[in-house]
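All remarks here apply to the structure that follows.
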Amino acid sequence: MIDFVYNTDFQIENHRAFSKWLVDVAAAENCLIHDLVFLFVSDRELLAMNKKYLKHNYFTDVITFGELEGDKISGNIAISVDRVVDNSKTYAVSFDEELKRVMVHGCLLYTSDAADERSSVDLGGRRII
């Protein structure tokens with residue numbers, strides 16, 4: 001099960017399509033999504049989490065809380081919508097493409113591929129790093 005929670009004005013328009021896409025991405029990495037919550041927040045809120053839980057005093061795009069038990073991903077992924085907007089401009093990609101990259105990155109942090117931040121995932125012929 002995948003849930004989406006919003007502490008910003010942003011909302012994903014098609015939860016079902018994003019959920020299916022995420023399940024497919026996880027399957028490509030030999031994982032199953034068991035229970036996953038995506039929390040969309042502001043820079044300030046994610047910075048507060050970064051300070052409180054990781055003792056890091058800097059902005060980031062994604063923080064994960066959870067575990068990979070066997071091949072099942074369970075946990076929470078917090079994403080700064082502000083960072084997604086800024087990153088999409090910096091890397092000259094669409095907001096949706098950067099959002100997908102950050103969401104995949106959050107999921108991959110649960111897998112053994114997390115050590116390789118340059119891991120890429122095939123999304124319909126397009127590579128997202």
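Scheme for the structure tokens: letters A, B, ... for chains in order shown; per-chain residue numbers from 1; ligand numbers from 1 in order shown.
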Exercise. Could you find all residues in range 23-109 of chain A that DSSP calls helix (DSSP H, G or I) from the backbone, and write them as an MDAnalysis selection string?
Key: chainID A and resid 23:28 43:54 81:90 95:108
Output file for the selection above: C-alpha atoms, as a PDB file, in the first residue's frame:
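again_4.pdb written:
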ATOM      1  CA  VAL A  23       5.423  -0.627  -7.559  1.00  0.00           C
ATOM      2  CA  ASP A  24       6.939  -1.292 -11.006  1.00  0.00           C
ATOM      3  CA  VAL A  25      10.150   0.550 -10.089  1.00  0.00           C
ATOM      4  CA  ALA A  26      10.457  -1.439  -6.860  1.00  0.00           C
ATOM      5  CA  ALA A  27       9.843  -4.690  -8.753  1.00  0.00           C
ATOM      6  CA  ALA A  28      12.651  -3.785 -11.170  1.00  0.00           C
ATOM      7  CA  ASP A  43      12.035  23.154   2.817  1.00  0.00           C
ATOM      8  CA  ARG A  44      11.673  24.391   6.393  1.00  0.00           C
ATOM      9  CA  GLU A  45       9.798  21.292   7.534  1.00  0.00           C
ATOM     10  CA  LEU A  46      12.286  18.887   5.942  1.00  0.00           C
ATOM     11  CA  LEU A  47      15.190  20.917   7.341  1.00  0.00           C
ATOM     12  CA  ALA A  48      13.673  20.552  10.824  1.00  0.00           C
ATOM     13  CA  MET A  49      13.468  16.764  10.304  1.00  0.00           C
ATOM     14  CA  ASN A  50      17.029  16.697   8.993  1.00  0.00           C
ATOM     15  CA  LYS A  51      18.254  18.509  12.112  1.00  0.00           C
ATOM     16  CA  LYS A  52      16.159  16.521  14.577  1.00  0.00           C
ATOM     17  CA  TYR A  53      16.637  12.989  13.273  1.00  0.00           C
ATOM     18  CA  LEU A  54      19.907  13.076  11.323  1.00  0.00           C
ATOM     19  CA  VAL A  81       8.520  20.178  -2.767  1.00  0.00           C
ATOM     20  CA  ASP A  82      10.644  23.354  -2.684  1.00  0.00           C
ATOM     21  CA  ARG A  83      13.806  21.314  -3.412  1.00  0.00           C
ATOM     22  CA  VAL A  84      12.036  19.509  -6.271  1.00  0.00           C
ATOM     23  CA  VAL A  85      11.103  22.866  -7.827  1.00  0.00           C
ATOM     24  CA  ASP A  86      14.651  24.232  -7.427  1.00  0.00           C
ATOM     25  CA  ASN A  87      16.296  21.028  -8.674  1.00  0.00           C
ATOM     26  CA  SER A  88      14.070  20.920 -11.751  1.00  0.00           C
ATOM     27  CA  LYS A  89      15.257  24.423 -12.663  1.00  0.00           C
ATOM     28  CA  THR A  90      18.902  23.675 -11.863  1.00  0.00           C
ATOM     29  CA  PHE A  95       8.926  19.247 -12.239  1.00  0.00           C
ATOM     30  CA  ASP A  96       7.346  15.808 -12.805  1.00  0.00           C
ATOM     31  CA  GLU A  97      10.634  14.271 -13.962  1.00  0.00           C
ATOM     32  CA  GLU A  98      12.478  15.635 -10.930  1.00  0.00           C
ATOM     33  CA  LEU A  99       9.667  14.525  -8.616  1.00  0.00           C
ATOM     34  CA  LYS A 100       9.920  10.986  -9.996  1.00  0.00           C
ATOM     35  CA  ARG A 101      13.709  11.040  -9.603  1.00  0.00           C
ATOM     36  CA  VAL A 102      13.414  12.083  -5.958  1.00  0.00           C
ATOM     37  CA  MET A 103      10.689   9.520  -5.252  1.00  0.00           C
ATOM     38  CA  VAL A 104      12.782   6.733  -6.814  1.00  0.00           C
ATOM     39  CA  HIS A 105      15.834   7.919  -4.895  1.00  0.00           C
ATOM     40  CA  GLY A 106      13.804   7.701  -1.682  1.00  0.00           C
ATOM     41  CA  CYS A 107      12.739   4.144  -2.521  1.00  0.00           C
ATOM     42  CA  LEU A 108      16.244   3.066  -3.502  1.00  0.00           C
TER      43      LEU A 108
END
Self-check item: Asn14 in chain A surroundings by only C-alpha atoms, 12 Å radius, close-in-sequence under 5 positions cut, as a PyMOL selection string
Solution: chain A and resi 4+19-21+96
Which polymer residues have any atom within 9 Å of an atom of Phe38 in chain A, counting only C-alpha atoms, with same-chain residues fewer than 2 positions away left out, as a PDB file with C-alpha atoms, in the first residue's frame?
ATOM      1  CA  ILE A   2       1.217   3.501  -0.847  1.00  0.00           C
ATOM      2  CA  ASP A   3      -0.210   6.629   0.773  1.00  0.00           C
ATOM      3  CA  PHE A   4       0.423  10.253  -0.071  1.00  0.00           C
ATOM      4  CA  VAL A   5       0.264  12.928   2.646  1.00  0.00           C
ATOM      5  CA  TYR A   6       0.548  16.651   1.967  1.00  0.00           C
ATOM      6  CA  LEU A  36       4.966   3.184   2.185  1.00  0.00           C
ATOM      7  CA  PHE A  40       5.325  16.201   0.862  1.00  0.00           C
ATOM      8  CA  GLY A  75       8.362   3.238   5.918  1.00  0.00           C
ATOM      9  CA  ASN A  76       7.979   6.929   5.313  1.00  0.00           C
ATOM     10  CA  ILE A  77       9.619   9.097   2.684  1.00  0.00           C
ATOM     11  CA  ALA A  78       9.576  12.861   3.282  1.00  0.00           C
ATOM     12  CA  ILE A  79      10.125  15.047   0.215  1.00  0.00           C
ATOM     13  CA  MET A 103      10.689   9.520  -5.252  1.00  0.00           C
TER      14      MET A 103
END
